[in-house]
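I have placed the structure first, in the form of structure tokens, so that the comments after it can refer back to it.
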Amino acid sequence: MASSDIREPRNSFSVQELVKEPILTIPQHFVRLDNQQPDPSLPYSRPLPMITPTIDMAQLVDDDDDVELQKLHSTCKDWGLFQVVNHGVSSSVLERLKHEVEEFFKLPLEEKMKYKIREGEVEGYGNVARGAGKLDWSDRLYIITNPIHRRKPHLFPELPSSLRNTLESYFSELQMLATKLLSLMAKALKIDTKEMIEYFDDGMQAVRMTYYPPCPKPEVVMGITPHSDATLLTILHQVNGVDGLEINKDGVWFPASIHPDALVVNVGDILEIFSNGVYRSIEHRVVPNLEKERISVAFFINPNFEAEVGPSPGLTNPKNPPLFKRVGMEQYVKGFFAHDLNGKSYLHRLRIENGSEDNSA
């Protein structure tokens, strides 16, 4: 919730509504402090090129000499993010998803308010206050979709049926993709694939549909606050092909250029913990576009609620001690949502003191 000293006009609940009229001045509750603002050299005047690592799923699955597998392994260690091509998600599902998500954000505000974030909850439609009550330059619909019994009756079941059915089809295909990726990551880490599969089988899954309106002064706002995902794995689809994702690589923010047919895969904090620091989650943010709207759908994959978040037993021994504490998944989720979104700060809280920052497979 926004801090109580901020009096927001009715339409500031939705940035999409706010920009329907010309804006001369960005409202102060969107303006970030100087140390939170995007680097003025990116991406407005001097964009630094970044070749986003690419994994070809067709080559990865049919990889007799493990060349592509080693590429996946090194990418997860060094980058924590890659775009996957030939991913197997059908183009017809992606086309329907694009249409349905765009139609959702075209609904009147009164219709979208049916799904508004309720007091004390994190799921629903709206804008979320970050540190110091600052708001992201975006509207989002966040819903936990699995386990089925965790679905809130006023959210996913009440979405327009065509959107709901399309999302179900999309989730089904992403689950197959995630199973393949995580199984191959287990192979690369030299742990039992069964251990990895059981870890996220019937796990917590969620979706976040986000609308980033154009911004007349993108250099003073943030589409989404810099953070790493608290997940096992995140799969992102840039629905309308507009870039804006930036990643923090070695302390420098780089704009990520994503192929139109690719999906973006993030290593999440839980995978960094599970791999005992071999794989690294990536800090990222979104910078709004000056002229174009950006729409994305993020699918979050996590262990099941009965699981324990901690390093894999197969990756720890006396010479390679655990770098992270163990905590129940339920407690982990509650702790994350009670914590301010701020870089990788939540992950750092789980690191065992005096543990080494470096660990390699």
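Following the order of the structure tokens, chains are lettered A, B, ..., residues in each are numbered from 1, and ligands are numbered from 1.
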
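By chain and then residue number, the residues within 8 Å of segment 315-327 of chain A are A:Ile191, A:Ile273, A:Ser275, A:Asn276, A:Gly277, A:Glu308, A:Val309, A:Gly310, A:Pro311, A:Gln331, A:Tyr332, A:Leu350, A:Arg351, A:Ile352, A:Gly355, A:Ser356, counting only C-alpha atoms and disregarding those fewer than 4 positions away in sequence.
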
Taking only segment 30-259 of chain A into account, list the residues labelled strand (DSSP E or B) by DSSP (computed from the backbone), as a PyMOL selection string. chain A and resi 54-56+81-85+116+124-126+129+135+139-146+205-212+224-227+233-238+245-249+252-255

Would you pick out the contacts of Gly251 of chain A at 12 Å or less, using only C-alpha atoms, so that residues sharing its chain but fewer than 5 positions from it are not included, and give the list as a VMD selection string? chain A and resid 39 246 282 to 284 343

Atom CA of Leu245 of chain A and atom CA of Val286 of chain A are how many Å apart?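 According to the coordinates, atom CA of Leu245 of chain A and atom CA of Val286 of chain A are separated by 4.6 Å.
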
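Separating atom CA of Ile247 of chain A from atom CA of Val264 of chain A is a distance of 12.0 Å.
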